[in-house]
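What follows is the content of target.pdb (PDB, C-alpha atoms, pLDDT in the B column).
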```pdb
ATOM      1  CA  MET A 206      89.642  93.998 112.089  1.00 95.00           C
ATOM      2  CA  LYS A 207      92.765  95.191 113.834  1.00 97.00           C
ATOM      3  CA  PHE A 208      94.178  98.677 113.239  1.00 97.00           C
ATOM      4  CA  GLU A 209      97.832  99.210 114.170  1.00 96.00           C
ATOM      5  CA  GLY A 210     100.335 101.966 113.639  1.00 93.00           C
ATOM      6  CA  GLN A 211     103.577 103.519 114.693  1.00 92.00           C
ATOM      7  CA  ASN A 212     103.361 104.801 118.283  1.00 91.00           C
ATOM      8  CA  PHE A 213      99.630 104.385 118.818  1.00 89.00           C
ATOM      9  CA  ALA A 214      97.645 101.687 120.586  1.00 89.00           C
ATOM     10  CA  VAL A 215      96.161  98.777 118.631  1.00 95.00           C
ATOM     11  CA  VAL A 216      92.437  99.228 118.021  1.00 96.00           C
ATOM     12  CA  ASN A 217      90.272  96.163 117.454  1.00 97.00           C
ATOM     13  CA  ALA A 218      87.144  96.851 115.362  1.00 96.00           C
ATOM     14  CA  PRO A 219      88.048 100.510 114.723  1.00 97.00           C
ATOM     15  CA  SER A 220      85.259 102.926 113.899  1.00 97.00           C
ATOM     16  CA  ASP A 221      85.371 104.814 110.607  1.00 98.00           C
ATOM     17  CA  ARG A 222      86.081 107.974 112.584  1.00 97.00           C
ATOM     18  CA  VAL A 223      89.128 106.432 114.302  1.00 96.00           C
ATOM     19  CA  LEU A 224      90.484 105.177 110.972  1.00 96.00           C
ATOM     20  CA  GLU A 225      90.004 108.544 109.336  1.00 97.00           C
ATOM     21  CA  SER A 226      91.463 110.631 112.155  1.00 95.00           C
ATOM     22  CA  ARG A 227      94.542 108.444 112.572  1.00 95.00           C
ATOM     23  CA  LEU A 228      95.209 108.086 108.852  1.00 96.00           C
ATOM     24  CA  LEU A 229      94.884 111.839 108.295  1.00 95.00           C
ATOM     25  CA  ALA A 230      97.279 112.449 111.211  1.00 93.00           C
ATOM     26  CA  LEU A 231     100.090 110.384 109.647  1.00 93.00           C
ATOM     27  CA  LYS A 232     103.215 112.262 108.560  1.00 91.00           C
ATOM     28  CA  SER A 233     106.314 111.002 106.755  1.00 86.00           C
ATOM     29  CA  TYR A 234     108.296 112.388 109.677  1.00 81.00           C
ATOM     30  CA  GLY A 235     107.602 112.288 113.399  1.00 76.00           C
ATOM     31  CA  ARG A 236     105.878 109.873 115.726  1.00 84.00           C
ATOM     32  CA  HIS A 237     103.181 108.478 113.396  1.00 89.00           C
ATOM     33  CA  SER A 238     104.310 107.533 109.878  1.00 91.00           C
ATOM     34  CA  TYR A 239     102.735 104.152 109.088  1.00 95.00           C
ATOM     35  CA  ALA A 240      99.630 102.093 109.839  1.00 96.00           C
ATOM     36  CA  SER A 241      97.856  98.883 108.828  1.00 97.00           C
ATOM     37  CA  LEU A 242      94.404  97.336 108.966  1.00 98.00           C
ATOM     38  CA  THR A 243      94.256  93.522 109.171  1.00 98.00           C
ATOM     39  CA  ASP A 244      91.228  91.243 108.862  1.00 98.00           C
ATOM     40  CA  ALA A 245      90.610  87.911 110.625  1.00 97.00           C
ATOM     41  CA  GLN A 246      92.151  85.943 107.725  1.00 97.00           C
ATOM     42  CA  GLY A 247      95.446  87.887 107.858  1.00 97.00           C
ATOM     43  CA  ASN A 248      94.801  90.041 104.785  1.00 98.00           C
ATOM     44  CA  TYR A 249      95.787  93.668 105.243  1.00 98.00           C
ATOM     45  CA  VAL A 250      96.243  97.110 103.763  1.00 98.00           C
ATOM     46  CA  GLN A 251      99.082  99.284 104.956  1.00 97.00           C
ATOM     47  CA  VAL A 252     100.212 102.842 104.444  1.00 97.00           C
ATOM     48  CA  ALA A 253     103.555 104.566 104.891  1.00 95.00           C
ATOM     49  CA  GLY A 254     104.051 108.313 104.890  1.00 94.00           C
ATOM     50  CA  GLY A 255     101.339 110.908 105.325  1.00 92.00           C
ATOM     51  CA  GLY A 256      99.677 113.985 103.894  1.00 91.00           C
ATOM     52  CA  VAL A 257     100.413 114.094 100.150  1.00 91.00           C
ATOM     53  CA  THR A 258     103.252 111.553 100.409  1.00 93.00           C
ATOM     54  CA  CYS A 259     101.547 108.211 101.108  1.00 95.00           C
ATOM     55  CA  MET A 260     102.332 104.766  99.723  1.00 97.00           C
ATOM     56  CA  VAL A 261      99.707 101.982 100.012  1.00 98.00           C
ATOM     57  CA  GLU A 262     100.167  98.218  99.824  1.00 98.00           C
ATOM     58  CA  SER A 263      97.844  95.263 100.315  1.00 98.00           C
ATOM     59  CA  PHE A 264      98.513  91.658 101.245  1.00 98.00           C
ATOM     60  CA  ASP A 265      96.427  88.601 100.338  1.00 97.00           C
ATOM     61  CA  ALA A 266      97.104  85.926 102.958  1.00 97.00           C
ATOM     62  CA  SER A 267      95.671  83.062 100.864  1.00 97.00           C
ATOM     63  CA  THR A 268      98.229  83.623  98.080  1.00 96.00           C
ATOM     64  CA  SER A 269     100.967  85.398 100.099  1.00 96.00           C
ATOM     65  CA  THR A 270     100.795  88.179  97.503  1.00 96.00           C
ATOM     66  CA  ARG A 271     101.779  91.748  98.342  1.00 97.00           C
ATOM     67  CA  LEU A 272     100.587  94.443  95.949  1.00 97.00           C
ATOM     68  CA  ARG A 273     101.389  98.149  95.638  1.00 98.00           C
ATOM     69  CA  ALA A 274      98.681 100.671  94.792  1.00 98.00           C
ATOM     70  CA  PHE A 275      99.080 103.076  91.890  1.00 98.00           C
ATOM     71  CA  HIS A 276      96.839 105.472  89.989  1.00 95.00           C
ATOM     72  CA  ASP A 277      96.558 107.021  86.541  1.00 90.00           C
ATOM     73  CA  LYS A 278      97.949 110.468  87.425  1.00 89.00           C
ATOM     74  CA  PRO A 279     101.733 110.291  87.891  1.00 91.00           C
ATOM     75  CA  SER A 280     103.131 112.967  90.165  1.00 90.00           C
ATOM     76  CA  PRO A 281     105.039 115.740  88.408  1.00 88.00           C
ATOM     77  CA  VAL A 282     106.722 116.515  91.744  1.00 89.00           C
ATOM     78  CA  PHE A 283     107.920 112.988  92.575  1.00 91.00           C
ATOM     79  CA  PRO A 284     109.517 111.283  89.545  1.00 92.00           C
ATOM     80  CA  ASP A 285     110.198 107.532  89.448  1.00 93.00           C
ATOM     81  CA  GLY A 286     112.792 106.618  92.051  1.00 93.00           C
ATOM     82  CA  THR A 287     111.945 109.359  94.559  1.00 93.00           C
ATOM     83  CA  VAL A 288     112.553 108.101  98.100  1.00 92.00           C
ATOM     84  CA  LEU A 289     109.792 108.038 100.710  1.00 93.00           C
ATOM     85  CA  SER A 290     111.443 108.259 104.134  1.00 89.00           C
ATOM     86  CA  PHE A 291     109.315 107.309 107.146  1.00 89.00           C
ATOM     87  CA  GLY A 292     109.624 105.679 110.558  1.00 86.00           C
ATOM     88  CA  GLY A 293     109.963 102.187 109.044  1.00 86.00           C
ATOM     89  CA  GLY A 294     112.801 103.106 106.690  1.00 87.00           C
ATOM     90  CA  GLU A 295     113.038 104.260 103.106  1.00 91.00           C
ATOM     91  CA  MET A 296     111.337 103.122  99.902  1.00 92.00           C
ATOM     92  CA  ARG A 297     111.745 104.167  96.285  1.00 94.00           C
ATOM     93  CA  LEU A 298     108.403 104.802  94.607  1.00 96.00           C
ATOM     94  CA  LYS A 299     107.243 105.237  91.048  1.00 96.00           C
ATOM     95  CA  SER A 300     105.661 108.560  90.148  1.00 97.00           C
ATOM     96  CA  ASP A 301     102.178 106.987  90.066  1.00 97.00           C
ATOM     97  CA  GLU A 302     102.459 105.422  93.546  1.00 97.00           C
ATOM     98  CA  TRP A 303     102.119 108.637  95.593  1.00 96.00           C
ATOM     99  CA  PHE A 304      98.701 109.058  97.242  1.00 96.00           C
ATOM    100  CA  HIS A 305      97.026 111.797  99.237  1.00 95.00           C
ATOM    101  CA  ALA A 306      95.866 110.827 102.744  1.00 95.00           C
ATOM    102  CA  SER A 307      92.205 111.340 101.817  1.00 95.00           C
ATOM    103  CA  SER A 308      92.567 108.627  99.151  1.00 96.00           C
ATOM    104  CA  VAL A 309      94.193 106.361 101.726  1.00 97.00           C
ATOM    105  CA  VAL A 310      91.170 106.761 104.002  1.00 98.00           C
ATOM    106  CA  GLU A 311      88.903 105.703 101.129  1.00 97.00           C
ATOM    107  CA  ILE A 312      91.098 102.648 100.381  1.00 98.00           C
ATOM    108  CA  PHE A 313      91.113 101.578 104.045  1.00 98.00           C
ATOM    109  CA  LEU A 314      87.316 101.942 104.288  1.00 98.00           C
ATOM    110  CA  CYS A 315      86.856  99.866 101.134  1.00 98.00           C
ATOM    111  CA  PHE A 316      89.046  97.155 102.654  1.00 98.00           C
ATOM    112  CA  LYS A 317      87.185  97.319 105.979  1.00 98.00           C
ATOM    113  CA  TYR A 318      83.791  96.843 104.339  1.00 97.00           C
ATOM    114  CA  GLY A 319      84.887  94.487 101.559  1.00 96.00           C
ATOM    115  CA  ARG A 320      83.918  97.010  98.885  1.00 97.00           C
ATOM    116  CA  ARG A 321      85.575  97.443  95.519  1.00 96.00           C
ATOM    117  CA  TYR A 322      88.426  99.906  95.547  1.00 96.00           C
ATOM    118  CA  PRO A 323      87.886 103.173  93.672  1.00 94.00           C
ATOM    119  CA  GLU A 324      88.290 102.868  89.889  1.00 93.00           C
ATOM    120  CA  THR A 325      91.262 105.237  90.096  1.00 93.00           C
ATOM    121  CA  VAL A 326      93.195 102.770  92.288  1.00 97.00           C
ATOM    122  CA  ASN A 327      95.083  99.956  90.568  1.00 97.00           C
ATOM    123  CA  TRP A 328      97.431  97.303  91.942  1.00 98.00           C
ATOM    124  CA  ARG A 329     100.748  95.835  90.778  1.00 97.00           C
ATOM    125  CA  PRO A 330     103.140  93.381  92.438  1.00 97.00           C
ATOM    126  CA  ALA A 331     105.073  95.145  95.177  1.00 95.00           C
ATOM    127  CA  PRO A 332     108.840  95.257  94.793  1.00 91.00           C
ATOM    128  CA  GLN A 333     110.742  92.565  96.671  1.00 83.00           C
ATOM    129  CA  LYS A 334     112.386  93.942  99.767  1.00 64.00           C
TER
END
```
Can you dump the structure from the file as C-alpha coordinates?
Amino acid sequence: MKFEGQNFAVVNAPSDRVLESRLLALKSYGRHSYASLTDAQGNYVQVAGGGVTCMVESFDASTSTRLRAFHDKPSPVFPDGTVLSFGGGEMRLKSDEWFHASSVVEIFLCFKYGRRYPETVNWRPAPQK
(Lines of atoms letter the chains of each structure in order from A and count residues from 1; the text may use other names and numbers.)
(Lines give C-alpha, C1' and ligand atoms only; values in the text may rest on other atoms or scores of the structure.)
Protein backbone atom coordinates (compact mmCIF):
# COMPACT_ATOMS: atom_id res chain seq x y z
CA MET A 1 0.00 0.00 0.00
CA LYS A 2 1.14 3.50 -0.82
CA PHE A 3 -0.29 6.54 0.99
CA GLU A 4 0.13 9.90 -0.75
CA GLY A 5 -1.20 13.37 -0.18
CA GLN A 6 -0.82 17.04 -0.86
CA ASN A 7 2.44 18.36 0.62
CA PHE A 8 3.43 15.30 2.64
CA ALA A 9 5.90 12.52 1.91
CA VAL A 10 4.74 9.25 0.36
CA VAL A 11 4.44 6.48 2.94
CA ASN A 12 4.73 2.87 1.82
CA ALA A 13 2.88 0.40 4.08
CA PRO A 14 1.43 3.13 6.33
CA SER A 15 0.43 2.20 9.86
CA ASP A 16 -3.16 2.72 10.95
CA ARG A 17 -1.94 5.54 13.18
CA VAL A 18 -0.28 7.37 10.27
CA LEU A 19 -3.41 7.01 8.13
CA GLU A 20 -5.63 8.28 10.91
CA SER A 21 -3.46 11.23 11.91
CA ARG A 22 -2.93 12.43 8.35
CA LEU A 23 -6.55 11.98 7.30
CA LEU A 24 -7.82 13.83 10.39
CA ALA A 25 -5.35 16.65 9.67
CA LEU A 26 -6.75 17.32 6.18
CA LYS A 27 -8.51 20.64 5.63
CA SER A 28 -10.34 21.96 2.56
CA TYR A 29 -7.98 24.92 2.71
CA GLY A 30 -4.26 25.08 3.41
CA ARG A 31 -1.33 22.79 2.80
CA HIS A 32 -3.04 19.38 3.15
CA SER A 33 -6.39 18.99 1.38
CA TYR A 34 -6.32 15.60 -0.38
CA ALA A 35 -4.85 12.12 -0.01
CA SER A 36 -5.01 8.63 -1.53
CA LEU A 37 -4.21 5.05 -0.61
CA THR A 38 -3.23 2.73 -3.49
CA ASP A 39 -2.76 -1.04 -3.44
CA ALA A 40 -0.31 -3.13 -5.50
CA GLN A 41 -2.90 -3.67 -8.27
CA GLY A 42 -3.50 0.08 -8.76
CA ASN A 43 -6.86 0.21 -6.96
CA TYR A 44 -7.24 3.21 -4.69
CA VAL A 45 -9.42 5.29 -2.41
CA GLN A 46 -8.99 9.03 -2.34
CA VAL A 47 -10.32 11.91 -0.30
CA ALA A 48 -10.58 15.63 -0.96
CA GLY A 49 -11.38 18.22 1.67
CA GLY A 50 -11.19 17.72 5.41
CA GLY A 51 -13.03 17.94 8.71
CA VAL A 52 -16.78 17.81 7.98
CA THR A 53 -16.31 18.59 4.27
CA CYS A 54 -14.79 15.43 2.77
CA MET A 55 -15.53 13.73 -0.54
CA VAL A 56 -14.41 10.10 -1.08
CA GLU A 57 -13.89 8.20 -4.33
CA SER A 58 -12.58 4.75 -5.17
CA PHE A 59 -11.02 3.34 -8.32
CA ASP A 60 -11.07 -0.28 -9.51
CA ALA A 61 -8.06 -0.79 -11.78
CA SER A 62 -9.37 -4.02 -13.34
CA THR A 63 -12.46 -2.26 -14.74
CA SER A 64 -11.14 1.34 -14.84
CA THR A 65 -14.21 2.31 -12.80
CA ARG A 66 -14.21 5.35 -10.53
CA LEU A 67 -16.95 5.52 -7.91
CA ARG A 68 -18.08 8.26 -5.53
CA ALA A 69 -19.13 7.46 -1.97
CA PHE A 70 -22.48 8.59 -0.61
CA HIS A 71 -24.58 7.86 2.46
CA ASP A 72 -28.22 7.84 3.52
CA LYS A 73 -28.19 11.14 5.45
CA PRO A 74 -28.10 14.09 3.03
CA SER A 75 -26.56 17.23 4.48
CA PRO A 76 -29.03 19.99 5.31
CA VAL A 77 -26.11 22.45 5.20
CA PHE A 78 -24.72 21.48 1.78
CA PRO A 79 -27.50 21.10 -0.82
CA ASP A 80 -26.91 19.41 -4.19
CA GLY A 81 -24.46 21.43 -6.25
CA THR A 82 -22.48 22.90 -3.34
CA VAL A 83 -18.84 23.36 -4.37
CA LEU A 84 -16.00 21.69 -2.47
CA SER A 85 -12.88 23.82 -2.98
CA PHE A 86 -9.53 22.21 -2.13
CA GLY A 87 -5.91 22.19 -3.28
CA GLY A 88 -6.72 20.09 -6.36
CA GLY A 89 -9.50 22.37 -7.61
CA GLU A 90 -13.25 22.50 -7.19
CA MET A 91 -15.96 19.84 -7.35
CA ARG A 92 -19.74 20.04 -7.12
CA LEU A 93 -21.15 17.45 -4.73
CA LYS A 94 -24.58 16.07 -4.02
CA SER A 95 -25.96 16.61 -0.53
CA ASP A 96 -25.36 12.94 0.37
CA GLU A 97 -21.69 12.95 -0.69
CA TRP A 98 -20.30 15.00 2.23
CA PHE A 99 -18.42 12.91 4.81
CA HIS A 100 -16.85 13.62 8.18
CA ALA A 101 -13.12 12.86 8.47
CA SER A 102 -13.75 10.11 11.03
CA SER A 103 -15.84 8.25 8.43
CA VAL A 104 -13.05 8.72 5.90
CA VAL A 105 -10.59 7.05 8.29
CA GLU A 106 -12.94 4.07 8.58
CA ILE A 107 -13.29 3.83 4.77
CA PHE A 108 -9.51 3.97 4.27
CA LEU A 109 -8.95 1.26 6.91
CA CYS A 110 -11.56 -0.97 5.26
CA PHE A 111 -9.76 -0.54 1.94
CA LYS A 112 -6.36 -1.22 3.53
CA TYR A 113 -7.51 -4.49 5.09
CA GLY A 114 -9.86 -5.59 2.30
CA ARG A 115 -12.87 -5.41 4.62
CA ARG A 116 -16.41 -4.54 3.62
CA TYR A 117 -17.17 -0.86 3.80
CA PRO A 118 -19.60 0.26 6.51
CA GLU A 119 -23.26 -0.38 5.66
CA THR A 120 -23.84 3.38 5.71
CA VAL A 121 -21.42 3.89 2.80
CA ASN A 122 -22.73 3.36 -0.73
CA TRP A 123 -21.10 3.91 -4.12
CA ARG A 124 -22.29 5.40 -7.41
CA PRO A 125 -20.43 6.17 -10.65
CA ALA A 126 -18.31 9.28 -10.19
CA PRO A 127 -19.10 12.21 -12.46
CA GLN A 128 -16.93 12.50 -15.56
CA LYS A 129 -14.36 15.23 -15.19
Result set, the PyMOL selection byres ((chain A and resi 254-266) around 8) on current file, as number ranges by chain: A: 228-234, 238-239, 246-253, 267-274, 289-291, 298, 302-306, 309, 331
Let me have the centre and edge lengths in Å, one decimal, of the box along x, y and z around every listed atom of region 226-243 of chain A with 4 Å of margin on each side, as lines of an AutoDock Vina configuration file.
```
center_x = 99.9
center_y = 103.0
center_z = 111.2
size_x = 24.8
size_y = 26.9
size_z = 17.0
```
Taking the file above as input, evaluate the PyMOL selection byres ((chain A and resi 218) around 6) and report the hits as a CSV table (one decimal) with C-alpha atoms, in the coordinates of the input.
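Saved the output as expr20.csv:
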```
chain,number,residue,atom,x,y,z
A,206,MET,CA,89.6,94.0,112.1
A,217,ASN,CA,90.3,96.2,117.5
A,219,PRO,CA,88.0,100.5,114.7
```
Pairwise distance for CA of Glu311 (chain A) and CA of Gly286 (chain A), rounded to one decimal in Å: 25.6 Å
Chain and number of each residue from the PyMOL selection byres ((chain A and resi 313-319) around 9), as a VMD selection string: chain A and resid 206 221 224 to 225 241 to 244 249 to 251 308 to 312 320 to 323
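Computed from the coordinates, the CA of Arg329 (chain A) to CA of Phe275 (chain A) distance equals 7.5 Å.
The gap separating CA of Val223 (chain A) from CA of Gly293 (chain A) is 21.9 Å, in Å to one decimal.
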Counting only C-alpha atoms, the residue of A:Glu324, A:Gln333, A:Gly235, A:Asp277 that sits nearest Asn212 (chain A):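 Looking only at the distances to Asn212 (chain A), the closest residue turns out to be A:Gly235.
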